[in-house]
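Novice: I am sharing coords00.cif, which consists of mmCIF, C-alpha atoms and all ligand atoms:
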```cif
data_upload
#
loop_
_atom_site.label_atom_id
_atom_site.label_comp_id
_atom_site.auth_asym_id
_atom_site.auth_seq_id
_atom_site.Cartn_x
_atom_site.Cartn_y
_atom_site.Cartn_z
CA MET A 1 23.41 -0.16 -4.94
CA SER A 2 20.33 -1.90 -6.31
CA ALA A 3 18.53 -4.69 -4.49
CA ALA A 4 20.07 -7.09 -6.99
CA GLY A 5 23.55 -6.01 -5.89
CA ALA A 6 22.88 -6.47 -2.17
CA GLY A 7 25.07 -9.57 -2.02
CA ALA A 8 28.22 -7.46 -2.32
CA ALA A 9 27.74 -6.24 1.25
CA ALA A 10 28.88 -9.58 2.65
CA ALA A 11 32.53 -8.91 1.67
CA GLY A 12 34.95 -9.87 4.48
CA ALA A 13 37.39 -7.32 5.93
CA ALA A 14 35.52 -4.09 5.15
CA PRO A 15 35.26 -1.62 8.07
CA ALA A 16 32.08 -1.88 10.17
CA VAL A 17 29.15 -0.05 8.55
CA THR A 18 27.71 2.58 10.90
CA ALA A 19 24.65 3.71 8.91
CA VAL A 20 22.92 2.66 5.71
CA THR A 21 20.37 4.80 3.88
CA VAL A 22 18.11 3.26 1.24
CA ARG A 23 15.83 5.24 -1.04
CA VAL A 24 12.53 3.57 -2.08
CA PRO A 25 9.91 4.69 -4.62
CA ALA A 26 6.14 5.08 -4.42
CA LYS A 27 3.96 3.26 -6.96
CA VAL A 28 0.95 3.92 -9.09
CA ASN A 29 -1.16 1.17 -10.64
CA ALA A 30 -1.60 1.72 -14.37
CA GLY A 31 -3.88 -1.29 -14.39
CA LEU A 32 -5.46 -2.85 -11.32
CA ALA A 33 -7.76 -5.71 -12.28
CA VAL A 34 -9.33 -7.33 -9.20
CA GLY A 35 -10.79 -10.83 -9.07
CA ALA A 36 -13.24 -12.33 -6.59
CA ALA A 37 -12.29 -12.71 -2.91
CA ARG A 38 -10.30 -15.91 -2.29
CA PRO A 39 -10.88 -18.26 0.65
CA ASP A 40 -7.89 -16.63 2.42
CA GLY A 41 -9.58 -13.20 2.15
CA PHE A 42 -7.16 -11.82 -0.43
CA HIS A 43 -8.14 -11.06 -4.02
CA ASP A 44 -6.30 -12.33 -7.07
CA LEU A 45 -4.98 -9.38 -9.02
CA ALA A 46 -3.51 -8.48 -12.39
CA ASN A 47 -1.62 -5.48 -11.08
CA VAL A 48 0.36 -3.33 -13.52
CA PHE A 49 2.75 -1.57 -11.14
CA LEU A 50 4.76 1.51 -12.07
CA ALA A 51 7.33 2.90 -9.64
CA VAL A 52 7.26 6.71 -9.61
CA SER A 53 9.94 9.23 -8.69
CA LEU A 54 8.51 10.07 -5.26
CA TYR A 55 10.65 8.53 -2.56
CA ASP A 56 10.93 7.68 1.12
CA GLU A 57 14.38 7.19 2.63
CA VAL A 58 15.06 4.65 5.36
CA THR A 59 18.25 4.93 7.41
CA ALA A 60 19.37 2.03 9.59
CA THR A 61 21.89 2.61 12.39
CA PRO A 62 22.98 0.24 15.17
CA ALA A 63 21.05 0.73 18.45
CA ASP A 64 20.38 -1.10 21.71
CA THR A 65 16.83 -2.04 20.70
CA LEU A 66 14.57 -1.78 17.67
CA THR A 67 13.26 1.79 17.39
CA VAL A 68 11.53 3.68 14.58
CA THR A 69 11.43 7.45 14.08
CA CYS A 70 9.91 9.41 11.22
CA SER A 71 10.28 12.90 9.79
CA GLY A 72 8.36 14.75 7.10
CA PRO A 73 5.11 16.73 6.86
CA ASP A 74 2.89 13.70 7.65
CA ALA A 75 5.23 12.08 10.20
CA ASP A 76 2.59 12.28 12.95
CA GLN A 77 0.39 9.83 11.00
CA VAL A 78 3.06 7.12 10.85
CA PRO A 79 2.91 4.39 13.53
CA LEU A 80 6.27 4.01 15.27
CA ASP A 81 5.52 0.67 16.94
CA ARG A 82 6.00 -2.89 15.69
CA THR A 83 3.06 -2.52 13.27
CA ASN A 84 5.27 -0.31 11.09
CA LEU A 85 6.37 -2.45 8.14
CA ALA A 86 9.93 -1.15 8.53
CA ALA A 87 10.07 -2.57 12.06
CA ARG A 88 8.52 -5.84 10.92
CA ALA A 89 11.07 -6.11 8.12
CA ALA A 90 13.96 -5.75 10.59
CA GLU A 91 12.37 -8.34 12.90
CA LEU A 92 11.76 -10.87 10.14
CA LEU A 93 15.27 -10.52 8.70
CA ALA A 94 16.90 -10.73 12.14
CA ALA A 95 14.83 -13.80 13.10
CA ARG A 96 15.91 -15.62 9.95
CA HIS A 97 19.55 -15.12 10.90
CA GLY A 98 19.22 -15.66 14.65
CA LEU A 99 20.06 -12.00 15.29
CA ASP A 100 18.67 -9.43 17.69
CA PRO A 101 17.00 -6.65 15.65
CA ALA A 102 19.03 -4.00 17.48
CA VAL A 103 18.61 -1.18 15.01
CA HIS A 104 17.28 2.32 14.81
CA LEU A 105 15.25 2.92 11.66
CA HIS A 106 14.62 6.49 10.60
CA ILE A 107 12.06 7.09 7.87
CA ALA A 108 12.25 10.35 5.95
CA LYS A 109 8.68 10.32 4.65
CA ASN A 110 7.68 11.89 1.40
CA ILE A 111 5.15 9.33 0.11
CA PRO A 112 1.53 10.01 1.20
CA VAL A 113 0.56 7.99 4.31
CA ALA A 114 -2.24 5.41 3.72
CA GLY A 115 -2.60 7.01 0.31
CA GLY A 116 -2.70 4.07 -2.12
CA MET A 117 0.90 4.64 -3.23
CA ALA A 118 2.52 1.82 -1.23
CA GLY A 119 4.30 4.18 1.19
CA GLY A 120 4.23 1.68 4.06
CA SER A 121 5.38 -1.07 1.70
CA ALA A 122 8.22 1.16 0.51
CA ASP A 123 9.40 1.60 4.10
CA GLY A 124 9.28 -2.18 4.63
CA ALA A 125 11.36 -2.87 1.53
CA GLY A 126 13.75 -0.02 2.37
CA ALA A 127 14.29 -1.19 5.94
CA LEU A 128 14.84 -4.75 4.76
CA LEU A 129 17.60 -3.78 2.33
CA ALA A 130 19.13 -1.28 4.78
CA CYS A 131 19.32 -3.88 7.58
CA ASP A 132 20.67 -6.52 5.22
CA LEU A 133 23.48 -4.15 4.26
CA LEU A 134 24.06 -2.87 7.82
CA TRP A 135 24.32 -6.40 9.20
CA GLY A 136 26.43 -7.61 6.25
CA LEU A 137 24.08 -10.52 5.57
CA GLY A 138 24.40 -10.51 1.80
CA SER A 139 20.91 -11.97 1.26
CA SER A 140 20.14 -12.89 -2.33
CA PRO A 141 17.42 -10.97 -4.18
CA ALA A 142 15.25 -14.11 -3.97
CA GLU A 143 15.65 -14.26 -0.18
CA LEU A 144 14.77 -10.58 0.17
CA LEU A 145 11.74 -10.97 -2.11
CA GLU A 146 10.48 -13.87 -0.01
CA ILE A 147 10.56 -11.72 3.13
CA CYS A 148 8.93 -8.87 1.21
CA ALA A 149 6.02 -11.13 0.22
CA GLU A 150 5.59 -12.07 3.88
CA LEU A 151 5.44 -8.38 4.80
CA GLY A 152 2.69 -7.46 2.31
CA SER A 153 1.35 -7.82 -1.20
CA ASP A 154 2.97 -4.61 -2.55
CA VAL A 155 6.32 -4.91 -0.75
CA PRO A 156 8.12 -7.07 -3.38
CA PHE A 157 7.40 -4.44 -6.01
CA SER A 158 8.72 -1.66 -3.77
CA LEU A 159 12.03 -3.56 -3.64
CA VAL A 160 12.39 -4.09 -7.40
CA GLY A 161 10.70 -0.95 -8.77
CA GLY A 162 10.58 -0.18 -12.49
CA ALA A 163 7.47 -1.56 -14.16
CA ALA A 164 6.06 -5.00 -13.40
CA LEU A 165 2.97 -7.16 -13.58
CA GLY A 166 1.99 -8.47 -10.16
CA THR A 167 -0.23 -11.54 -10.06
CA GLY A 168 -1.46 -13.74 -7.21
CA ARG A 169 -2.23 -11.18 -4.50
CA GLY A 170 0.20 -8.87 -6.31
CA GLU A 171 3.40 -10.37 -4.93
CA GLN A 172 4.37 -12.55 -7.93
CA LEU A 173 6.23 -10.19 -10.23
CA ALA A 174 7.19 -10.25 -13.89
CA PRO A 175 9.09 -7.22 -15.24
CA LEU A 176 7.37 -5.12 -17.92
CA GLU A 177 8.79 -2.88 -20.58
CA SER A 178 7.82 0.77 -20.10
CA GLY A 179 8.59 4.11 -21.70
CA ILE A 180 8.75 7.26 -19.57
CA PHE A 181 5.47 8.80 -18.41
CA HIS A 182 4.68 12.03 -16.52
CA TRP A 183 2.29 12.08 -13.57
CA VAL A 184 0.70 14.46 -11.11
CA PHE A 185 -0.54 13.15 -7.76
CA ALA A 186 -3.14 14.89 -5.62
CA VAL A 187 -2.90 14.01 -1.95
CA ALA A 188 -6.23 13.87 -0.12
CA ASP A 189 -6.92 14.72 3.50
CA GLY A 190 -6.65 11.55 5.59
CA GLY A 191 -5.99 8.00 4.41
CA LEU A 192 -8.16 5.10 3.29
CA SER A 193 -7.81 1.61 4.74
CA THR A 194 -6.88 -0.89 2.03
CA PRO A 195 -8.90 -3.75 3.62
CA ALA A 196 -11.92 -1.40 3.85
CA VAL A 197 -11.66 -0.57 0.14
CA PHE A 198 -11.43 -4.26 -0.80
CA ARG A 199 -14.47 -4.96 1.44
CA GLU A 200 -16.38 -2.18 -0.34
CA PHE A 201 -15.35 -3.73 -3.69
CA ASP A 202 -16.87 -7.04 -2.50
CA ARG A 203 -20.01 -5.29 -1.26
CA LEU A 204 -20.56 -3.42 -4.54
CA ALA A 205 -19.97 -6.59 -6.57
CA ALA A 206 -22.46 -8.54 -4.43
CA ALA A 207 -25.02 -5.74 -4.73
CA ALA A 208 -24.60 -5.68 -8.54
CA GLY A 209 -24.97 -9.46 -8.62
CA THR A 210 -22.49 -9.78 -11.46
CA GLU A 211 -19.89 -12.52 -11.79
CA ILE A 212 -16.36 -11.15 -11.23
CA PRO A 213 -14.14 -12.35 -14.07
CA ALA A 214 -10.58 -13.61 -13.48
CA PRO A 215 -8.27 -10.57 -13.50
CA LEU A 216 -6.25 -9.99 -16.66
CA ALA A 217 -3.76 -7.32 -17.72
CA ALA A 218 -5.17 -5.81 -20.93
CA PRO A 219 -2.81 -6.35 -23.89
CA ASP A 220 -3.46 -2.82 -25.20
CA LEU A 221 -2.43 -1.36 -21.85
CA LEU A 222 0.83 -3.33 -21.89
CA ALA A 223 1.47 -2.26 -25.50
CA ALA A 224 0.87 1.42 -24.61
CA LEU A 225 3.30 1.14 -21.70
CA ALA A 226 5.99 -0.49 -23.80
CA ALA A 227 5.54 2.08 -26.57
CA GLY A 228 5.76 5.01 -24.12
CA ASP A 229 2.58 6.37 -25.73
CA PRO A 230 0.72 8.61 -23.23
CA ASP A 231 -2.47 8.91 -25.32
CA ALA A 232 -2.75 5.13 -25.68
CA LEU A 233 -1.99 4.66 -21.99
CA ALA A 234 -4.60 7.28 -21.05
CA ALA A 235 -7.21 5.28 -22.98
CA THR A 236 -6.33 2.02 -21.22
CA LEU A 237 -5.64 2.95 -17.56
CA LEU A 238 -7.82 0.84 -15.27
CA ASN A 239 -8.51 0.61 -11.56
CA ASP A 240 -11.16 -1.87 -10.45
CA LEU A 241 -10.91 -0.42 -6.91
CA GLN A 242 -11.86 3.07 -8.06
CA ALA A 243 -15.63 2.65 -7.66
CA ALA A 244 -15.09 1.31 -4.14
CA ALA A 245 -12.75 4.18 -3.20
CA LEU A 246 -15.24 6.71 -4.63
CA SER A 247 -18.09 5.04 -2.79
CA LEU A 248 -16.20 5.56 0.50
CA ARG A 249 -14.90 9.04 -0.45
CA PRO A 250 -17.33 10.55 -3.03
CA GLU A 251 -15.55 13.94 -2.88
CA LEU A 252 -12.60 12.42 -4.77
CA ALA A 253 -14.69 12.75 -7.95
CA ARG A 254 -14.23 16.53 -7.71
CA THR A 255 -10.45 16.13 -7.62
CA LEU A 256 -10.54 13.82 -10.64
CA ASP A 257 -12.67 16.35 -12.55
CA ALA A 258 -10.39 19.27 -11.58
CA GLY A 259 -7.35 17.50 -13.04
CA LEU A 260 -9.18 16.55 -16.24
CA ASP A 261 -10.48 20.10 -16.63
CA ALA A 262 -6.88 21.34 -16.37
CA GLY A 263 -5.80 19.14 -19.29
CA ALA A 264 -4.71 15.82 -17.78
CA LEU A 265 -4.90 13.01 -20.36
CA ALA A 266 -6.49 10.71 -17.78
CA ALA A 267 -7.34 10.66 -14.10
CA LEU A 268 -7.73 7.73 -11.73
CA VAL A 269 -7.59 6.78 -8.09
CA SER A 270 -4.14 5.45 -7.19
CA GLY A 271 -4.51 1.87 -5.94
CA SER A 272 -6.95 1.82 -3.02
CA GLY A 273 -6.75 5.65 -2.75
CA PRO A 274 -7.40 8.28 -1.65
CA THR A 275 -4.47 9.75 -3.62
CA THR A 276 -5.57 10.54 -7.18
CA ALA A 277 -3.21 10.17 -10.16
CA PHE A 278 -3.19 12.23 -13.35
CA LEU A 279 -1.38 11.14 -16.49
CA VAL A 280 -0.04 14.16 -18.37
CA ARG A 281 1.82 14.60 -21.64
CA ASP A 282 4.97 16.41 -20.50
CA PRO A 283 6.56 18.36 -17.61
CA GLU A 284 4.89 21.64 -18.71
CA SER A 285 1.47 20.05 -18.57
CA ALA A 286 2.37 18.48 -15.21
CA ALA A 287 3.11 21.92 -13.75
CA LYS A 288 -0.14 23.31 -15.15
CA VAL A 289 -2.29 20.45 -13.84
CA ALA A 290 -0.58 20.54 -10.42
CA GLY A 291 -1.20 24.30 -10.19
CA ALA A 292 -4.85 23.92 -11.16
CA LEU A 293 -5.39 21.11 -8.65
CA THR A 294 -3.90 23.23 -5.87
CA ALA A 295 -6.06 26.20 -6.91
CA SER A 296 -9.19 24.00 -7.03
CA GLY A 297 -9.04 23.42 -3.28
CA THR A 298 -10.02 19.77 -3.84
CA CYS A 299 -6.80 18.29 -2.44
CA ARG A 300 -4.30 18.89 0.35
CA ALA A 301 -1.08 18.81 -1.71
CA THR A 302 0.23 17.83 -5.13
CA SER A 303 3.41 16.13 -6.36
CA VAL A 304 4.85 15.79 -9.84
CA ALA A 305 6.71 12.59 -10.76
CA THR A 306 7.81 10.36 -13.62
CA SER A 307 7.65 6.61 -14.12
CA PRO A 308 9.36 4.19 -14.16
CA ALA A 309 11.66 4.80 -11.19
CA PRO A 310 14.30 2.46 -9.75
CA GLY A 311 13.48 0.19 -6.81
CA ALA A 312 15.11 0.21 -3.37
CA THR A 313 18.59 1.65 -3.83
CA ARG A 314 21.43 2.41 -1.42
CA HIS A 315 21.89 6.14 -1.19
O1 LIG A 401 -0.93 -7.62 1.63
P1 LIG A 401 -1.35 -6.45 2.42
O2 LIG A 401 -1.03 -6.59 3.90
O3 LIG A 401 -0.85 -5.14 1.89
O4 LIG A 401 -2.92 -6.38 2.31
C1 LIG A 401 -3.69 -5.55 3.13
C2 LIG A 401 -5.15 -5.97 3.01
O5 LIG A 401 -5.64 -5.60 1.72
C3 LIG A 401 -5.40 -7.45 3.14
O6 LIG A 401 -5.57 -7.84 4.48
C4 LIG A 401 -6.69 -7.61 2.35
O7 LIG A 401 -7.80 -7.18 3.11
C5 LIG A 401 -6.51 -6.61 1.22
N1 LIG A 401 -5.93 -7.21 0.00
C6 LIG A 401 -6.72 -8.05 -0.76
N2 LIG A 401 -6.19 -8.62 -1.89
C7 LIG A 401 -4.92 -8.35 -2.28
C8 LIG A 401 -4.11 -7.46 -1.53
C9 LIG A 401 -4.65 -6.92 -0.37
O8 LIG A 401 -7.87 -8.31 -0.42
N3 LIG A 401 -4.45 -8.90 -3.39
#
```
Is it possible to give me this structure as structure tokens?
Ligand code: C5P

Specialist:
Amino acid sequence: MSAAGAGAAAAGAAPAVTAVTVRVPAKVNAGLAVGAARPDGFHDLANVFLAVSLYDEVTATPADTLTVTCSGPDADQVPLDRTNLAARAAELLAARHGLDPAVHLHIAKNIPVAGGMAGGSADGAGALLACDLLWGLGSSPAELLEICAELGSDVPFSLVGGAALGTGRGEQLAPLESGIFHWVFAVADGGLSTPAVFREFDRLAAAAGTEIPAPLAAPDLLAALAAGDPDALAATLLNDLQAAALSLRPELARTLDAGLDAGALAALVSGSGPTTAFLVRDPESAAKVAGALTASGTCRATSVATSPAPGATRH
């Protein structure tokens, strides 16, 4: 069931639901234009989001109290306390309905942790939809999106998926047309803190002394996306956070070079990093680039994926 169909769960005499699993995609930013810091500390963005076919799964089951568990190769890096966006999603939804968030949330983690691919946001959106279905609340998509925006700037997109332009701090979404694209992702050792990368962006801008223009999504990027043209998209990919991520993790330049040397059409840091993203022409090229990245020793793991992918979906 898609997020848009969540309302069906409210139906009356159905037997009690004992577990709900929701699958949620990672994202890559095909265009991330960043404006100057706002008085509230956030930055206005023109954020061209693409959901990619790399997924976490969140399973909600009734429990005595709110608990979070996690499985997967990087499970030990995932906080299991109330700072986990999945836990916060359950709390926010329950509070709105005067409920006790008595639920066990299990995250089957496949998206890199603190990797710039909105893995934490995906878990928040997944938990929100799973709890809404488990508790039979039948929240409208607009109600769910409002809670998502409260959880974090990228969480609304994790719920809807596909391709979208995010403005404001990234939470105001307008769907975009997109053809299918092939990607390779190189996972780095350790994560990068998103606030730290934005702070480095501010520091570099201040040091350069240049005026930061209002963020805009480039029309040629949007046209390349809509046309499904990988060469045109390769020429227009943009990440204004890349210089900041590279300044904090200079070794990522070697990973970017290794993917380009292996034939990727374009290479960029994914969001605030440190995951790097490689646009490739087709699945054969994806396999070749992924193999070369692994052999280069410049990353910890690679994944191959396509965009766009669906948003949070009952599994
Ligand atoms: O919204 P979210 O909680 O994901 O943001 C994490 C941090 O990233 C914010 O506290 C802020 O430092 C930074 N951020 C920003 N501008 C945005 C989105 C995030 O400065 N548009």

Novice: Counting all atoms listed in the file, name the residues that have an atom within 9 Å of an atom of ligand LIG 401 (chain A); the answer should be given as a VMD selection string.

Specialist: chain A and resid 34 to 35 37 to 38 40 to 45 47 118 120 to 121 149 to 155 167 to 171 193 to 199 272

Novice: Find the nearest atom pair between each residue of segment 150-254 of chain A and segment 16-30 of chain A for residues within 8 Å, count all atoms listed in the file, give distances in Å to one decimal, sort rows by chain and ascending number, and present the table as CSV.

Specialist:
```
residue,atom,partner,partner_atom,distance
A:Ser158,CA,A:Pro25,CA,6.5
A:Leu159,CA,A:Val24,CA,7.3
A:Gly161,CA,A:Pro25,CA,7.0
A:Leu237,CA,A:Ala30,CA,5.3
A:Leu238,CA,A:Ala30,CA,6.3
A:Asn239,CA,A:Asn29,CA,7.4
```

Novice: Just give me the residues with any atom within 12 Å of (-17.2, 4.7, -5.8), file coordinates, counting only C-alpha atoms, written as a ChimeraX atom specification.

Specialist: /A:197-198,200-201,203-205,239-253,268-269,272-274

Novice: So that I can see what lies close to Ala226 of chain A, please list as a list in words the residues with an atom at most 6 Å from it, counting only C-alpha atoms and leaving out residues fewer than 6 positions away in the same chain.

Specialist: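 In the requested format, the answer is Glu177, Ser178 and Gly179 of chain A.
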
Novice: Give me the residues of segment 21-114 of chain A that have any atom at most 8 Å from an atom of segment 122-130 of chain A; for each, the nearest atom pair and the distance in Å, rounded to one decimal. Use only C-alpha atoms, sort by chain and number, and format it as JSON lines.

Specialist:
```
{"residue": "A:Thr21", "atom": "CA", "partner": "A:Ala130", "partner_atom": "CA", "distance": 6.3}
{"residue": "A:Val22", "atom": "CA", "partner": "A:Gly126", "partner_atom": "CA", "distance": 5.6}
{"residue": "A:Arg23", "atom": "CA", "partner": "A:Gly126", "partner_atom": "CA", "distance": 6.6}
{"residue": "A:Val24", "atom": "CA", "partner": "A:Ala122", "partner_atom": "CA", "distance": 5.6}
{"residue": "A:Pro25", "atom": "CA", "partner": "A:Ala122", "partner_atom": "CA", "distance": 6.5}
{"residue": "A:Ala26", "atom": "CA", "partner": "A:Ala122", "partner_atom": "CA", "distance": 6.6}
{"residue": "A:Asp56", "atom": "CA", "partner": "A:Asp123", "partner_atom": "CA", "distance": 6.9}
{"residue": "A:Glu57", "atom": "CA", "partner": "A:Gly126", "partner_atom": "CA", "distance": 7.2}
{"residue": "A:Val58", "atom": "CA", "partner": "A:Gly126", "partner_atom": "CA", "distance": 5.7}
{"residue": "A:Thr59", "atom": "CA", "partner": "A:Ala130", "partner_atom": "CA", "distance": 6.8}
{"residue": "A:Ala60", "atom": "CA", "partner": "A:Ala130", "partner_atom": "CA", "distance": 5.8}
{"residue": "A:Asn84", "atom": "CA", "partner": "A:Gly124", "partner_atom": "CA", "distance": 7.8}
{"residue": "A:Leu85", "atom": "CA", "partner": "A:Gly124", "partner_atom": "CA", "distance": 4.6}
{"residue": "A:Ala86", "atom": "CA", "partner": "A:Gly124", "partner_atom": "CA", "distance": 4.1}
{"residue": "A:Ala87", "atom": "CA", "partner": "A:Gly124", "partner_atom": "CA", "distance": 7.5}
{"residue": "A:Arg88", "atom": "CA", "partner": "A:Gly124", "partner_atom": "CA", "distance": 7.3}
{"residue": "A:Ala89", "atom": "CA", "partner": "A:Leu128", "partner_atom": "CA", "distance": 5.2}
{"residue": "A:Ala90", "atom": "CA", "partner": "A:Leu128", "partner_atom": "CA", "distance": 6.0}
{"residue": "A:Leu93", "atom": "CA", "partner": "A:Leu128", "partner_atom": "CA", "distance": 7.0}
{"residue": "A:Leu105", "atom": "CA", "partner": "A:Ala127", "partner_atom": "CA", "distance": 7.1}
{"residue": "A:Ile107", "atom": "CA", "partner": "A:Asp123", "partner_atom": "CA", "distance": 7.2}
```

Novice: Using all atoms listed in the file, which residue out of A:Gln77, A:Thr69, A:Ala188, A:Leu165 lies closest to Pro215 of chain A?

Specialist: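 Of all the options, A:Leu165 lies closest to Pro215 of chain A.
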
Novice: One number please: atom CA of Trp183 of chain A to atom CA of Ala218 of chain A, in Å, one decimal.

Specialist: 20.7 Å

Novice: Assuming 8 Å of padding per side, give the centre and edge lengths of the axis-aligned box around every listed atom of segment 136-152 of chain A, in Å to one decimal and as JSON.

Specialist:
```
{"center_x": 14.6, "center_y": -10.9, "center_z": 1.0, "size_x": 39.7, "size_y": 22.8, "size_z": 26.4}
```

Novice: For His104 of chain A, please output as a PDB file with C-alpha atoms, keeping the file's coordinate frame all residues within 8 Å (counting only C-alpha atoms; exclusion window: fewer than 5 positions along the same chain).

Specialist:
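Saved as out.pdb:
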```pdb
ATOM      1  CA  THR A  59      18.250   4.930   7.410  1.00  0.00           C
ATOM      2  CA  ALA A  60      19.370   2.030   9.590  1.00  0.00           C
ATOM      3  CA  THR A  61      21.890   2.610  12.390  1.00  0.00           C
ATOM      4  CA  PRO A  62      22.980   0.240  15.170  1.00  0.00           C
ATOM      5  CA  ALA A  63      21.050   0.730  18.450  1.00  0.00           C
ATOM      6  CA  THR A  65      16.830  -2.040  20.700  1.00  0.00           C
ATOM      7  CA  LEU A  66      14.570  -1.780  17.670  1.00  0.00           C
ATOM      8  CA  THR A  67      13.260   1.790  17.390  1.00  0.00           C
ATOM      9  CA  VAL A  68      11.530   3.680  14.580  1.00  0.00           C
ATOM     10  CA  THR A  69      11.430   7.450  14.080  1.00  0.00           C
TER      11      THR A  69
END
```

Novice: Closest to Leu92 of chain A among A:Leu221, A:Val78, A:Ile147, A:Ala142, using all atoms listed in the file?

Specialist: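 Nearest to Leu92 of chain A: A:Ile147.
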
Novice: Report as JSON lines the residues of segment 121-216 of chain A within 10 Å of segment 285-298 of chain A, each with its shortest atom pair and distance in Å (one decimal), using all atoms listed in the file, ordered by chain and increasing residue number.

Specialist:
```
{"residue": "A:His182", "atom": "CA", "partner": "A:Ala286", "partner_atom": "CA", "distance": 7.0}
{"residue": "A:Trp183", "atom": "CA", "partner": "A:Ala286", "partner_atom": "CA", "distance": 6.6}
{"residue": "A:Val184", "atom": "CA", "partner": "A:Ala286", "partner_atom": "CA", "distance": 6.0}
{"residue": "A:Phe185", "atom": "CA", "partner": "A:Ala290", "partner_atom": "CA", "distance": 7.9}
{"residue": "A:Ala186", "atom": "CA", "partner": "A:Leu293", "partner_atom": "CA", "distance": 7.3}
{"residue": "A:Val187", "atom": "CA", "partner": "A:Thr298", "partner_atom": "CA", "distance": 9.4}
{"residue": "A:Ala188", "atom": "CA", "partner": "A:Thr298", "partner_atom": "CA", "distance": 7.9}
{"residue": "A:Asp189", "atom": "CA", "partner": "A:Thr298", "partner_atom": "CA", "distance": 9.4}
```

Novice: Could you check which of A:Leu32, A:Leu99, A:Ala312, A:Ala174 is closest to Ser53 of chain A, using all atoms listed in the file?

Specialist: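 Using all atoms listed in the file, the shortest distance to Ser53 of chain A belongs to A:Ala312.
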
Novice: Atom CA of Gly263 of chain A to atom CA of Phe181 of chain A: how many Å, to one decimal?

Specialist: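 Interatomic distance, atom CA of Gly263 of chain A to atom CA of Phe181 of chain A: 15.3 Å.
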
Novice: For Asp100 of chain A, which residue out of A:Asp64, A:Glu211, A:Asp132, A:Asp74 is the nearest one, using only C-alpha atoms?

Specialist: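 Going through A:Asp64, A:Glu211, A:Asp132, A:Asp74 one by one, the smallest distance to Asp100 of chain A is for A:Asp64.
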
Novice: Which one is closest to Gly259 of chain A: A:Thr302, A:Thr236, A:Ser71, A:Ala163? Count all atoms listed in the file.

Specialist: A:Thr302

Novice: With distances taken over all atoms listed in the file, which residue among A:Gly228, A:Ala264, A:Glu146, A:Cys131 lies nearest Arg314 of chain A?

Specialist: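 Of all the options, A:Cys131 lies closest to Arg314 of chain A.
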
Novice: How about completing segment 153-166 of chain A with N, CA and C atoms and giving it to me as an mmCIF file, keeping the file's coordinate frame?

Specialist:
```cif
data_model
loop_
_atom_site.group_PDB
_atom_site.id
_atom_site.type_symbol
_atom_site.label_atom_id
_atom_site.label_comp_id
_atom_site.auth_asym_id
_atom_site.auth_seq_id
_atom_site.Cartn_x
_atom_site.Cartn_y
_atom_site.Cartn_z
ATOM 1 N N SER A 153 1.505 -7.518 0.225
ATOM 2 C CA SER A 153 1.350 -7.820 -1.200
ATOM 3 C C SER A 153 2.145 -6.872 -2.103
ATOM 4 N N ASP A 154 2.295 -5.599 -1.695
ATOM 5 C CA ASP A 154 2.970 -4.610 -2.550
ATOM 6 C C ASP A 154 4.465 -4.481 -2.250
ATOM 7 N N VAL A 155 4.937 -5.132 -1.194
ATOM 8 C CA VAL A 155 6.320 -4.910 -0.750
ATOM 9 C C VAL A 155 7.354 -5.443 -1.767
ATOM 10 N N PRO A 156 7.126 -6.624 -2.382
ATOM 11 C CA PRO A 156 8.120 -7.070 -3.380
ATOM 12 C C PRO A 156 8.318 -6.045 -4.489
ATOM 13 N N PHE A 157 7.217 -5.431 -4.944
ATOM 14 C CA PHE A 157 7.400 -4.440 -6.010
ATOM 15 C C PHE A 157 8.187 -3.230 -5.521
ATOM 16 N N SER A 158 7.971 -2.813 -4.294
ATOM 17 C CA SER A 158 8.720 -1.660 -3.770
ATOM 18 C C SER A 158 10.225 -1.953 -3.815
ATOM 19 N N LEU A 159 10.601 -3.205 -3.598
ATOM 20 C CA LEU A 159 12.030 -3.560 -3.640
ATOM 21 C C LEU A 159 12.573 -3.459 -5.062
ATOM 22 N N VAL A 160 11.825 -4.003 -6.046
ATOM 23 C CA VAL A 160 12.390 -4.090 -7.400
ATOM 24 C C VAL A 160 12.127 -2.845 -8.241
ATOM 25 N N GLY A 161 11.007 -2.183 -8.042
ATOM 26 C CA GLY A 161 10.700 -0.950 -8.770
ATOM 27 C C GLY A 161 10.547 -1.159 -10.269
ATOM 28 N N GLY A 162 10.731 -0.101 -11.040
ATOM 29 C CA GLY A 162 10.580 -0.180 -12.490
ATOM 30 C C GLY A 162 9.133 -0.294 -12.895
ATOM 31 N N ALA A 163 8.838 -1.277 -13.743
ATOM 32 C CA ALA A 163 7.470 -1.560 -14.160
ATOM 33 C C ALA A 163 7.318 -3.074 -14.108
ATOM 34 N N ALA A 164 6.214 -3.542 -13.547
ATOM 35 C CA ALA A 164 6.060 -5.000 -13.400
ATOM 36 C C ALA A 164 4.585 -5.360 -13.337
ATOM 37 N N LEU A 165 4.311 -6.593 -13.753
ATOM 38 C CA LEU A 165 2.970 -7.160 -13.580
ATOM 39 C C LEU A 165 2.984 -8.014 -12.323
ATOM 40 N N GLY A 166 2.109 -7.686 -11.382
ATOM 41 C CA GLY A 166 1.990 -8.470 -10.160
ATOM 42 C C GLY A 166 0.748 -9.329 -10.231
#
```
